[in-house]
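Shown below: run30.cif, with mmCIF, C-alpha atoms (C1' of nucleotides).
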```
data_data
loop_
_atom_site.label_atom_id
_atom_site.label_comp_id
_atom_site.auth_asym_id
_atom_site.auth_seq_id
_atom_site.Cartn_x
_atom_site.Cartn_y
_atom_site.Cartn_z
CA MET A 1 7.51 -25.91 -78.95
CA THR A 2 5.99 -29.37 -78.81
CA MET A 3 2.28 -29.45 -79.33
CA VAL A 4 -0.77 -31.36 -78.41
CA SER A 5 -0.65 -35.05 -77.75
CA VAL A 6 -3.80 -37.07 -78.25
CA ASP A 7 -3.73 -38.93 -74.98
CA LYS A 8 -5.99 -37.93 -72.18
CA GLY A 9 -4.66 -35.50 -69.67
CA GLY A 10 -2.27 -33.65 -71.94
CA SER A 11 1.33 -34.24 -72.89
CA ARG A 12 3.36 -37.17 -71.75
CA SER A 13 5.20 -35.08 -69.23
CA ASP A 14 1.88 -33.99 -67.77
CA ARG A 15 0.90 -37.57 -67.26
CA THR A 16 4.06 -38.62 -65.48
CA LYS A 17 3.98 -35.42 -63.50
CA ALA A 18 0.50 -36.38 -62.36
CA ALA A 19 1.58 -39.95 -61.67
CA ILE A 20 4.34 -38.66 -59.45
CA LEU A 21 1.95 -36.40 -57.57
CA THR A 22 -0.53 -39.22 -57.03
CA ALA A 23 2.15 -41.55 -55.75
CA ALA A 24 3.54 -38.79 -53.55
CA ARG A 25 0.13 -38.04 -52.07
CA ALA A 26 -0.38 -41.69 -51.21
CA ARG A 27 2.99 -41.96 -49.52
CA PHE A 28 2.79 -38.65 -47.71
CA ALA A 29 -0.68 -39.60 -46.51
CA ALA A 30 0.41 -43.00 -45.29
CA HIS A 31 3.77 -42.16 -43.75
CA GLY A 32 4.10 -38.42 -43.38
CA TYR A 33 6.78 -36.17 -44.77
CA GLU A 34 9.95 -37.58 -43.24
CA ARG A 35 9.34 -41.23 -43.89
CA THR A 36 8.34 -40.61 -47.48
CA THR A 37 11.32 -41.05 -49.76
CA ILE A 38 11.81 -39.78 -53.27
CA ARG A 39 12.89 -43.26 -54.25
CA GLY A 40 9.70 -44.75 -52.91
CA VAL A 41 7.54 -42.26 -54.74
CA ALA A 42 9.47 -42.86 -57.96
CA GLU A 43 9.03 -46.59 -57.63
CA ASP A 44 5.27 -46.23 -57.20
CA ALA A 45 5.12 -43.94 -60.20
CA ARG A 46 7.34 -46.35 -62.14
CA ILE A 47 9.91 -43.79 -63.07
CA ASP A 48 13.40 -42.85 -62.07
CA PRO A 49 13.96 -40.86 -58.87
CA SER A 50 15.66 -38.14 -60.83
CA MET A 51 12.43 -37.45 -62.69
CA VAL A 52 10.86 -36.36 -59.46
CA MET A 53 13.54 -33.74 -59.14
CA ARG A 54 13.18 -32.67 -62.74
CA TYR A 55 9.46 -32.04 -62.38
CA TYR A 56 9.24 -30.81 -58.82
CA GLY A 57 12.67 -29.44 -58.04
CA ASN A 58 13.07 -31.01 -54.64
CA LYS A 59 11.24 -32.92 -51.98
CA ALA A 60 9.88 -29.82 -50.26
CA GLN A 61 8.30 -28.55 -53.46
CA LEU A 62 6.80 -31.94 -54.20
CA PHE A 63 5.34 -31.88 -50.72
CA ASP A 64 4.02 -28.43 -51.35
CA ALA A 65 2.24 -29.60 -54.47
CA ALA A 66 0.75 -32.50 -52.54
CA LEU A 67 -0.64 -30.15 -49.92
CA ALA A 68 -2.98 -28.38 -52.31
CA ILE A 69 -6.44 -29.02 -51.03
CA ASP A 70 -10.01 -27.91 -51.47
CA LEU A 71 -12.46 -28.68 -48.70
CA ARG A 72 -15.31 -28.07 -51.16
CA MET A 73 -17.21 -26.22 -48.49
CA PRO A 74 -20.86 -25.90 -49.52
CA ASP A 75 -22.62 -22.58 -49.53
CA LEU A 76 -23.97 -22.29 -46.02
CA SER A 77 -25.57 -18.88 -46.33
CA ASN A 78 -29.03 -20.34 -46.91
CA VAL A 79 -28.82 -23.09 -44.32
CA SER A 80 -30.96 -22.51 -41.27
CA ALA A 81 -29.29 -22.31 -37.89
CA ASP A 82 -30.97 -25.55 -36.90
CA ASP A 83 -29.62 -27.42 -39.88
CA LEU A 84 -26.13 -25.98 -39.83
CA PRO A 85 -24.41 -28.35 -37.38
CA ARG A 86 -25.84 -31.43 -39.05
CA THR A 87 -24.87 -30.14 -42.47
CA LEU A 88 -21.33 -29.47 -41.33
CA VAL A 89 -20.82 -32.88 -39.78
CA ARG A 90 -22.30 -34.66 -42.74
CA HIS A 91 -20.19 -32.71 -45.18
CA PHE A 92 -16.98 -33.55 -43.38
CA LEU A 93 -17.89 -37.21 -43.06
CA THR A 94 -18.60 -37.58 -46.76
CA ARG A 95 -15.57 -35.50 -47.59
CA TRP A 96 -13.37 -37.85 -45.57
CA GLU A 97 -15.05 -41.09 -46.48
CA GLY A 98 -16.37 -40.32 -49.91
CA ASP A 99 -13.42 -40.96 -52.15
CA PRO A 100 -10.87 -43.22 -50.50
CA ALA A 101 -8.37 -42.52 -53.26
CA ASP A 102 -8.35 -38.86 -52.40
CA ASP A 103 -5.49 -38.67 -49.94
CA ALA A 104 -5.22 -34.91 -49.86
CA LEU A 105 -7.02 -34.44 -46.56
CA LEU A 106 -4.94 -37.13 -44.96
CA VAL A 107 -1.72 -35.64 -46.25
CA LEU A 108 -2.45 -32.19 -44.92
CA THR A 109 -3.76 -33.27 -41.55
CA ARG A 110 -1.12 -35.86 -40.86
CA SER A 111 1.82 -33.70 -41.78
CA ALA A 112 0.53 -30.48 -40.27
CA VAL A 113 1.16 -32.01 -36.87
CA THR A 114 4.89 -32.42 -37.33
CA ASN A 115 5.69 -30.03 -40.14
CA GLU A 116 5.69 -26.28 -39.73
CA HIS A 117 5.07 -25.64 -43.37
CA ALA A 118 2.10 -27.95 -43.50
CA ALA A 119 0.75 -26.33 -40.34
CA ALA A 120 0.93 -22.97 -42.05
CA ARG A 121 -1.08 -24.40 -44.93
CA MET A 122 -3.63 -25.63 -42.45
CA HIS A 123 -3.94 -22.13 -41.03
CA ASP A 124 -4.48 -20.93 -44.54
CA VAL A 125 -7.18 -23.50 -45.28
CA PHE A 126 -8.94 -22.50 -42.11
CA ALA A 127 -8.76 -18.81 -42.87
CA THR A 128 -9.78 -19.01 -46.52
CA GLN A 129 -12.21 -21.91 -46.57
CA VAL A 130 -13.64 -22.78 -43.16
CA ALA A 131 -13.95 -19.41 -41.50
CA PRO A 132 -15.60 -17.65 -44.46
CA ALA A 133 -18.08 -20.47 -45.00
CA LEU A 134 -19.03 -20.32 -41.36
CA ALA A 135 -19.25 -16.55 -41.34
CA ALA A 136 -21.67 -16.72 -44.25
CA ALA A 137 -23.95 -18.90 -42.17
CA VAL A 138 -23.87 -17.41 -38.70
CA GLY A 139 -22.49 -13.96 -39.27
CA PRO A 140 -19.02 -12.60 -38.61
CA GLU A 141 -19.40 -12.05 -34.86
CA VAL A 142 -20.50 -15.55 -34.00
CA ALA A 143 -18.02 -17.00 -36.45
CA ALA A 144 -15.13 -15.07 -34.94
CA ARG A 145 -16.02 -16.42 -31.53
CA SER A 146 -16.77 -20.02 -32.39
CA ALA A 147 -15.09 -20.96 -35.67
CA GLY A 148 -11.99 -22.08 -33.86
CA LEU A 149 -13.71 -24.50 -31.55
CA VAL A 150 -16.04 -25.77 -34.25
CA SER A 151 -12.98 -26.62 -36.31
CA ALA A 152 -11.42 -28.18 -33.25
CA GLN A 153 -14.39 -30.49 -32.95
CA LEU A 154 -14.37 -31.47 -36.59
CA LEU A 155 -10.61 -31.95 -36.60
CA GLY A 156 -10.89 -33.93 -33.41
CA LEU A 157 -13.22 -36.27 -35.21
CA ALA A 158 -10.80 -36.58 -38.12
CA LEU A 159 -7.89 -37.12 -35.76
CA THR A 160 -9.46 -39.89 -33.73
CA ARG A 161 -11.30 -41.61 -36.56
CA TYR A 162 -8.95 -41.38 -39.54
CA LEU A 163 -5.49 -40.78 -38.10
CA LEU A 164 -5.40 -42.48 -34.73
CA ARG A 165 -8.25 -44.82 -35.59
CA LEU A 166 -9.40 -45.06 -32.01
CA PRO A 167 -11.69 -48.10 -31.89
CA ALA A 168 -14.22 -46.17 -29.81
CA VAL A 169 -14.59 -43.76 -32.71
CA THR A 170 -14.15 -46.00 -35.73
CA ALA A 171 -16.84 -48.26 -34.29
CA LEU A 172 -19.44 -45.53 -34.70
CA THR A 173 -21.52 -45.24 -37.84
CA PRO A 174 -21.68 -41.94 -39.68
CA ASP A 175 -25.27 -41.61 -38.49
CA GLN A 176 -24.33 -42.06 -34.87
CA ILE A 177 -21.59 -39.49 -35.21
CA GLU A 178 -23.95 -37.06 -36.81
CA ARG A 179 -26.48 -37.48 -34.01
CA SER A 180 -23.88 -37.04 -31.28
CA LEU A 181 -21.67 -34.39 -32.73
CA ALA A 182 -24.19 -32.09 -34.36
CA PRO A 183 -25.77 -31.09 -31.01
CA ALA A 184 -22.29 -30.52 -29.64
CA ILE A 185 -21.43 -28.13 -32.43
CA ALA A 186 -24.79 -26.47 -32.00
CA ALA A 187 -23.86 -25.87 -28.38
CA THR A 188 -20.60 -24.19 -29.32
CA LEU A 189 -22.37 -21.95 -31.79
CA LYS A 190 -24.93 -20.81 -29.26
CA PRO A 191 -24.14 -17.52 -27.52
CA THR A 192 -22.85 -18.06 -24.00
CA MET B 1 28.04 -54.02 -6.21
CA THR B 2 28.18 -50.25 -5.91
CA MET B 3 25.97 -48.88 -3.21
CA VAL B 4 24.08 -45.79 -2.32
CA SER B 5 25.28 -42.48 -3.56
CA VAL B 6 24.36 -39.40 -1.53
CA ASP B 7 23.24 -37.23 -4.41
CA LYS B 8 19.56 -36.68 -5.05
CA GLY B 9 17.88 -38.95 -7.52
CA GLY B 10 20.06 -41.99 -6.99
CA SER B 11 23.27 -43.13 -8.61
CA ARG B 12 25.13 -41.21 -11.24
CA SER B 13 23.86 -43.48 -13.97
CA ASP B 14 20.31 -42.79 -12.85
CA ARG B 15 20.88 -39.10 -13.22
CA THR B 16 22.30 -39.26 -16.72
CA LYS B 17 19.63 -41.73 -17.68
CA ALA B 18 17.06 -39.21 -16.54
CA ALA B 19 18.87 -36.39 -18.31
CA ILE B 20 18.74 -38.38 -21.53
CA LEU B 21 15.04 -39.04 -21.11
CA THR B 22 14.29 -35.39 -20.44
CA ALA B 23 16.24 -34.28 -23.48
CA ALA B 24 14.60 -36.96 -25.56
CA ARG B 25 11.12 -35.90 -24.47
CA ALA B 26 11.83 -32.32 -25.40
CA ARG B 27 13.09 -33.27 -28.84
CA PHE B 28 10.39 -35.83 -29.57
CA ALA B 29 7.80 -33.27 -28.46
CA ALA B 30 9.23 -30.55 -30.65
CA HIS B 31 10.09 -32.48 -33.79
CA GLY B 32 8.45 -35.89 -33.66
CA TYR B 33 10.09 -39.27 -33.91
CA GLU B 34 11.82 -39.15 -37.27
CA ARG B 35 13.40 -35.76 -36.98
CA THR B 36 14.72 -36.45 -33.51
CA THR B 37 18.29 -37.74 -33.69
CA ILE B 38 20.26 -39.64 -31.09
CA ARG B 39 23.05 -37.17 -31.59
CA GLY B 40 20.77 -34.25 -30.87
CA VAL B 41 19.43 -35.82 -27.72
CA ALA B 42 22.93 -36.62 -26.55
CA GLU B 43 24.04 -33.07 -27.15
CA ASP B 44 21.17 -31.69 -25.08
CA ALA B 45 21.95 -34.14 -22.31
CA ARG B 46 25.65 -33.24 -22.60
CA ILE B 47 26.81 -36.80 -23.05
CA ASP B 48 28.08 -38.97 -25.86
CA PRO B 49 25.60 -40.46 -28.34
CA SER B 50 26.78 -43.92 -27.45
CA MET B 51 25.52 -43.43 -23.91
CA VAL B 52 22.00 -43.23 -25.23
CA MET B 53 22.45 -46.65 -26.72
CA ARG B 54 23.97 -48.01 -23.57
CA TYR B 55 21.06 -46.92 -21.42
CA TYR B 56 18.15 -47.36 -23.79
CA GLY B 57 19.30 -49.95 -26.28
CA ASN B 58 18.13 -48.19 -29.41
CA LYS B 59 16.10 -45.27 -30.63
CA ALA B 60 12.82 -47.15 -30.58
CA GLN B 61 13.21 -48.11 -26.94
CA LEU B 62 14.14 -44.57 -26.01
CA PHE B 63 11.01 -43.42 -27.75
CA ASP B 64 9.07 -46.00 -25.87
CA ALA B 65 10.35 -44.71 -22.57
CA ALA B 66 9.45 -41.17 -23.58
CA LEU B 67 5.89 -42.22 -24.35
CA ALA B 68 5.09 -43.16 -20.76
CA ILE B 69 2.32 -40.88 -19.69
CA ASP B 70 -0.20 -40.40 -16.95
CA LEU B 71 -3.21 -38.21 -17.65
CA ARG B 72 -3.78 -37.92 -13.89
CA MET B 73 -7.47 -38.29 -14.43
CA PRO B 74 -9.32 -37.19 -11.32
CA ASP B 75 -11.88 -39.38 -9.67
CA LEU B 76 -15.09 -38.48 -11.46
CA SER B 77 -17.40 -40.85 -9.65
CA ASN B 78 -18.66 -38.16 -7.28
CA VAL B 79 -18.95 -35.39 -9.85
CA SER B 80 -22.51 -34.48 -10.73
CA ALA B 81 -23.62 -34.85 -14.31
CA ASP B 82 -23.95 -31.09 -14.55
CA ASP B 83 -20.40 -30.48 -13.43
CA LEU B 84 -18.78 -33.26 -15.41
CA PRO B 85 -18.18 -31.50 -18.73
CA ARG B 86 -16.74 -28.42 -17.08
CA THR B 87 -14.52 -30.54 -14.88
CA LEU B 88 -13.22 -32.47 -17.86
CA VAL B 89 -12.40 -29.43 -19.93
CA ARG B 90 -10.73 -27.68 -17.02
CA HIS B 91 -8.67 -30.73 -16.16
CA PHE B 92 -7.37 -31.06 -19.67
CA LEU B 93 -6.57 -27.38 -19.96
CA THR B 94 -4.56 -27.34 -16.76
CA ARG B 95 -2.97 -30.63 -17.68
CA TRP B 96 -1.81 -29.15 -20.96
CA GLU B 97 -0.92 -25.71 -19.77
CA GLY B 98 0.03 -26.38 -16.18
CA ASP B 99 3.63 -27.46 -16.44
CA PRO B 100 5.21 -26.29 -19.67
CA ALA B 101 8.27 -28.45 -19.03
CA ASP B 102 6.16 -31.56 -19.09
CA ASP B 103 6.41 -32.59 -22.70
CA ALA B 104 4.91 -36.02 -22.31
CA LEU B 105 1.48 -35.12 -23.62
CA LEU B 106 2.99 -33.35 -26.58
CA VAL B 107 5.24 -36.28 -27.37
CA LEU B 108 2.46 -38.80 -27.36
CA THR B 109 -0.04 -36.73 -29.30
CA ARG B 110 2.38 -35.46 -31.89
CA SER B 111 3.93 -38.80 -32.67
CA ALA B 112 0.76 -40.85 -32.50
CA VAL B 113 -0.29 -39.19 -35.75
CA THR B 114 2.60 -40.53 -37.80
CA ASN B 115 3.86 -43.45 -35.74
CA GLU B 116 1.97 -46.72 -35.46
CA HIS B 117 3.56 -47.62 -32.19
CA ALA B 118 2.71 -44.30 -30.59
CA ALA B 119 -0.84 -44.64 -31.90
CA ALA B 120 -1.11 -47.97 -30.15
CA ARG B 121 0.00 -46.32 -26.94
CA MET B 122 -2.67 -43.70 -27.43
CA HIS B 123 -5.26 -46.43 -27.77
CA ASP B 124 -3.94 -47.85 -24.55
CA VAL B 125 -4.12 -44.52 -22.72
CA PHE B 126 -7.67 -44.12 -23.88
CA ALA B 127 -8.67 -47.61 -22.81
CA THR B 128 -6.97 -47.59 -19.41
CA GLN B 129 -7.29 -43.97 -18.33
CA VAL B 130 -9.95 -42.02 -20.17
CA ALA B 131 -12.65 -44.62 -20.69
CA PRO B 132 -12.64 -45.95 -17.11
CA ALA B 133 -12.70 -42.46 -15.59
CA LEU B 134 -15.65 -41.59 -17.77
CA ALA B 135 -17.40 -44.84 -17.03
CA ALA B 136 -17.11 -44.12 -13.31
CA ALA B 137 -18.95 -40.86 -13.82
CA VAL B 138 -21.70 -41.65 -16.30
CA GLY B 139 -21.95 -45.40 -16.16
CA PRO B 140 -20.68 -47.99 -18.62
CA GLU B 141 -23.51 -47.71 -21.15
CA VAL B 142 -23.26 -43.99 -21.68
CA ALA B 143 -19.48 -44.16 -21.62
CA ALA B 144 -19.38 -46.87 -24.25
CA ARG B 145 -21.52 -44.73 -26.51
CA SER B 146 -19.92 -41.36 -25.98
CA ALA B 147 -16.38 -41.77 -24.68
CA GLY B 148 -15.00 -41.83 -28.20
CA LEU B 149 -16.53 -38.55 -29.26
CA VAL B 150 -15.82 -36.86 -25.96
CA SER B 151 -12.17 -37.77 -26.44
CA ALA B 152 -12.40 -36.56 -30.01
CA GLN B 153 -13.49 -33.17 -28.77
CA LEU B 154 -10.78 -32.91 -26.15
CA LEU B 155 -8.13 -34.12 -28.57
CA GLY B 156 -9.47 -31.71 -31.15
CA LEU B 157 -8.84 -28.92 -28.71
CA ALA B 158 -5.31 -30.17 -28.05
CA LEU B 159 -4.67 -30.56 -31.75
CA THR B 160 -5.76 -27.09 -32.79
CA ARG B 161 -4.44 -25.25 -29.74
CA TYR B 162 -1.15 -26.95 -28.91
CA LEU B 163 -0.06 -28.73 -32.08
CA LEU B 164 -1.38 -26.72 -34.99
CA ARG B 165 -1.68 -23.55 -32.95
CA LEU B 166 -4.58 -22.25 -34.98
CA PRO B 167 -4.83 -18.54 -34.14
CA ALA B 168 -8.59 -18.82 -33.83
CA VAL B 169 -8.07 -21.28 -30.98
CA THR B 170 -4.92 -19.97 -29.31
CA ALA B 171 -6.61 -16.57 -29.09
CA LEU B 172 -9.22 -17.94 -26.72
CA THR B 173 -8.73 -17.81 -22.97
CA PRO B 174 -9.12 -20.98 -20.93
CA ASP B 175 -12.34 -19.55 -19.53
CA GLN B 176 -13.79 -18.94 -22.96
CA ILE B 177 -12.91 -22.46 -23.99
CA GLU B 178 -14.48 -23.88 -20.89
CA ARG B 179 -17.70 -21.95 -21.49
CA SER B 180 -17.90 -23.00 -25.15
CA LEU B 181 -16.71 -26.55 -24.99
CA ALA B 182 -18.32 -27.78 -21.79
CA PRO B 183 -21.87 -27.44 -23.18
CA ALA B 184 -20.70 -29.23 -26.31
CA ILE B 185 -19.43 -32.17 -24.34
CA ALA B 186 -22.59 -32.13 -22.29
CA ALA B 187 -24.51 -32.47 -25.53
CA THR B 188 -22.59 -35.55 -26.63
CA LEU B 189 -23.12 -37.14 -23.24
CA LYS B 190 -26.85 -36.64 -23.38
CA PRO B 191 -28.85 -39.63 -24.66
CA THR B 192 -29.98 -39.13 -28.24
"C1'" DG C 1 15.25 -39.54 -92.68
"C1'" DT C 2 17.25 -36.24 -89.58
"C1'" DG C 3 18.17 -33.26 -86.09
"C1'" DA C 4 16.64 -31.00 -81.86
"C1'" DG C 5 14.27 -30.90 -77.85
"C1'" DA C 6 11.68 -33.50 -74.61
"C1'" DT C 7 11.76 -37.50 -71.79
"C1'" DG C 8 13.95 -40.93 -69.28
"C1'" DT C 9 18.05 -43.88 -67.24
"C1'" DC C 10 22.33 -44.61 -64.75
"C1'" DA C 11 25.90 -44.06 -61.55
"C1'" DA C 12 27.63 -41.49 -58.16
"C1'" DC C 13 28.22 -37.93 -54.53
"C1'" DA C 14 28.04 -35.73 -49.92
"C1'" DA C 15 25.77 -35.60 -45.83
"C1'" DG C 16 23.58 -37.52 -42.04
"C1'" DT C 17 21.72 -41.48 -39.65
"C1'" DG C 18 21.57 -45.44 -36.10
"C1'" DA C 19 24.55 -48.43 -34.25
"C1'" DT C 20 29.08 -50.90 -32.54
"C1'" DG C 21 33.22 -51.88 -30.07
"C1'" DG C 22 37.48 -50.66 -28.20
"C1'" DC C 23 39.59 -47.61 -25.15
"C1'" DC C 24 40.13 -44.21 -21.41
"C1'" DT C 25 38.93 -42.31 -16.69
"C1'" DA C 26 37.20 -41.57 -12.24
"C1'" DC C 27 35.34 -43.23 -8.27
"C1'" DA C 28 34.31 -46.56 -4.40
"C1'" DC C 29 35.94 -49.94 -1.69
"C1'" DT C 30 39.57 -52.38 0.54
"C1'" DA D 1 47.69 -46.41 -2.37
"C1'" DG D 2 45.99 -49.91 -5.27
"C1'" DT D 3 42.48 -51.80 -8.18
"C1'" DG D 4 38.22 -53.39 -10.22
"C1'" DT D 5 34.36 -51.70 -12.32
"C1'" DA D 6 30.76 -48.54 -13.71
"C1'" DG D 7 30.49 -44.58 -16.41
"C1'" DG D 8 31.95 -42.09 -20.40
"C1'" DC D 9 34.32 -40.96 -25.02
"C1'" DC D 10 36.25 -41.68 -29.67
"C1'" DA D 11 36.62 -43.50 -34.15
"C1'" DT D 12 34.26 -45.89 -37.33
"C1'" DC D 13 31.01 -48.83 -39.87
"C1'" DA D 14 27.07 -49.76 -42.93
"C1'" DC D 15 23.29 -47.75 -44.72
"C1'" DT D 16 19.88 -44.47 -46.46
"C1'" DT D 17 18.77 -40.12 -47.90
"C1'" DG D 18 18.26 -36.05 -51.22
"C1'" DT D 19 20.37 -34.42 -55.04
"C1'" DT D 20 23.25 -33.97 -59.28
"C1'" DG D 21 25.03 -34.34 -63.88
"C1'" DA D 22 26.35 -37.07 -67.72
"C1'" DC D 23 24.51 -40.00 -70.97
"C1'" DA D 24 20.85 -42.66 -73.63
"C1'" DT D 25 16.36 -42.84 -76.08
"C1'" DC D 26 12.20 -41.38 -77.87
"C1'" DT D 27 9.11 -38.14 -80.49
"C1'" DC D 28 7.90 -35.13 -83.85
"C1'" DA D 29 8.37 -31.06 -87.14
"C1'" DC D 30 10.66 -30.32 -91.17
#
```

Written form, structure tokens:
Amino acid sequence: MTMVSVDKGGSRSDRTKAAILTAARARFAAHGYERTTIRGVAEDARIDPSMVMRYYGNKAQLFDAALAIDLRMPDLSNVSADDLPRTLVRHFLTRWEGDPADDALLVLTRSAVTNEHAAARMHDVFATQVAPALAAAVGPEVAARSAGLVSAQLLGLALTRYLLRLPAVTALTPDQIERSLAPAIAATLKPT
Amino acid sequence: MTMVSVDKGGSRSDRTKAAILTAARARFAAHGYERTTIRGVAEDARIDPSMVMRYYGNKAQLFDAALAIDLRMPDLSNVSADDLPRTLVRHFLTRWEGDPADDALLVLTRSAVTNEHAAARMHDVFATQVAPALAAAVGPEVAARSAGLVSAQLLGLALTRYLLRLPAVTALTPDQIERSLAPAIAATLKPT
DNA sequence: GTGAGATGTCAACAAGTGATGGCCTACACT
DNA sequence: AGTGTAGGCCATCACTTGTTGACATCTCAC
């Protein structure tokens, strides 16, 4: 078995494997699943298309690898009810705008709309990351009732601002969004 | 020149042209632009693929025809500020769930996420249908400030309920949604 | 150095796509 | 009944796609 290479990030294969994944994420994020081609990814990663197959088996598995995502939800259990909406909005804004090179969110959201498999992953992200974080803050009953629509509001923001880029939404500053959307989310969380 | 045919809906060519468009809408709505094939549309419309080209020129123009949409926004100028959010939410829910055979909304929303041209049409729909209707109700200043985020919330609902089909959102009844989302929209409309 | 396994290149395949143009057919009008 | 034309079909092209397998090259332990 071949052992340790000195370069950062592990063996040579690990590096090209990562290069492929990065290129794939960028393309999937920009063009979605169908319009992303293995050849295009390979070109960006400066390797032969067949290497993509060697390391990821096929396009679907490459896509699968690109879908891995962590929302990095903060611990909301100690956030007061008053602060919760603002905290949520701010977290999502920084998560989306923080690191422009991080295409993972874009990949998942964009492809979930047209790809069943990606949609299933989205369900999973909701169930394992969003819902629990919310339940920790407002309790299971309120969360069960409102988590869906809270997510709808946050995803609506992502949709209009980062995918559709509606001018009426991209024109707003993060602060304006926070001031307008936090009360809205607060309203959904309130018992009817 | 051939004249009037007795059949409903005009000449024979008009009928097949309409059949093609209907089939195309259904496929674009279900699978998006890329995964919709001329051959598939033709099969659904029970005609030869070349007929699609004859009547619509090419796939892009067919898509363009399928994107035509009318939100049927009601006149909101006489709706009280208190009733506005509820009216909006209810209108969108019935618009989306009223006629299941009407795929137009689904086509536009689904494809706008991965297709630049469809996104441009979405911008147009917003600018010519949503924004004016809102401006008539709350005045131009408030509309300019909040129309974007109001749309974000309504599109977020559409996204999670009809495209992603998040269980946490599909489980809700229209009434529940109205009760939870209307106050939220009211909050975004309120001056900060 | 040398051989073996890892890494990478090359050419090609089969399938499916949008698109084209020639040909057939049925209908409306005389 | 004859005929021109709109409506429809077939065969086919050129191209792109994912995927494959044979071959070259590089790296490193021995």

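For the set A:Ser111, A:Ala81, A:Ala133, A:Leu105, the residue with the smallest atom-to-atom gap to chain B is A:Ser111, counting only C-alpha atoms.
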
Practice problem: May I ask you to extract the residues of chain B within 7 Å of chain A, using all atoms listed in the file, and to give them as a ChimeraX atom specification? | Solution: /B:31-32,34,110,112-114,119,123,148-149,152-153,155-157,160,163-164,166,168-169,179-181,183-185,187-188,192

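For the atom pair formed by atom CA of Ala23 of chain A and atom CA of Asp99 of chain A, the distance is 16.0 Å, given to one decimal.
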
Practice problem: Could you expand the PyMOL selection byres ((chain D and resi 13-18) around 12) into the explicit residues it covers here, written as a VMD selection string? | Solution: (chain A and resid 34 to 40 49 to 50 52 to 53 57 to 60) or (chain C and resid 13 to 21) or (chain D and resid 11 to 12 19 to 20)

Kindly save the residues from that selection, with C-alpha atoms (C1' of nucleotides) included, as an mmCIF file, keeping the file's coordinate frame.
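Contents of selection-v1.cif, freshly written:
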```cif
data_model
loop_
_atom_site.group_PDB
_atom_site.id
_atom_site.type_symbol
_atom_site.label_atom_id
_atom_site.label_comp_id
_atom_site.auth_asym_id
_atom_site.auth_seq_id
_atom_site.Cartn_x
_atom_site.Cartn_y
_atom_site.Cartn_z
ATOM 1 C CA GLU A 34 9.950 -37.580 -43.240
ATOM 2 C CA ARG A 35 9.340 -41.230 -43.890
ATOM 3 C CA THR A 36 8.340 -40.610 -47.480
ATOM 4 C CA THR A 37 11.320 -41.050 -49.760
ATOM 5 C CA ILE A 38 11.810 -39.780 -53.270
ATOM 6 C CA ARG A 39 12.890 -43.260 -54.250
ATOM 7 C CA GLY A 40 9.700 -44.750 -52.910
ATOM 8 C CA PRO A 49 13.960 -40.860 -58.870
ATOM 9 C CA SER A 50 15.660 -38.140 -60.830
ATOM 10 C CA VAL A 52 10.860 -36.360 -59.460
ATOM 11 C CA MET A 53 13.540 -33.740 -59.140
ATOM 12 C CA GLY A 57 12.670 -29.440 -58.040
ATOM 13 C CA ASN A 58 13.070 -31.010 -54.640
ATOM 14 C CA LYS A 59 11.240 -32.920 -51.980
ATOM 15 C CA ALA A 60 9.880 -29.820 -50.260
ATOM 16 C "C1'" DC C 13 28.220 -37.930 -54.530
ATOM 17 C "C1'" DA C 14 28.040 -35.730 -49.920
ATOM 18 C "C1'" DA C 15 25.770 -35.600 -45.830
ATOM 19 C "C1'" DG C 16 23.580 -37.520 -42.040
ATOM 20 C "C1'" DT C 17 21.720 -41.480 -39.650
ATOM 21 C "C1'" DG C 18 21.570 -45.440 -36.100
ATOM 22 C "C1'" DA C 19 24.550 -48.430 -34.250
ATOM 23 C "C1'" DT C 20 29.080 -50.900 -32.540
ATOM 24 C "C1'" DG C 21 33.220 -51.880 -30.070
ATOM 25 C "C1'" DA D 11 36.620 -43.500 -34.150
ATOM 26 C "C1'" DT D 12 34.260 -45.890 -37.330
ATOM 27 C "C1'" DT D 19 20.370 -34.420 -55.040
ATOM 28 C "C1'" DT D 20 23.250 -33.970 -59.280
#
```

Quiz item: Applied to the shown file, which residues does the PyMOL selection byres ((chain C) within 10 of (chain A)) return, written as an MDAnalysis selection string?
Solution: chainID C and resid 5:10
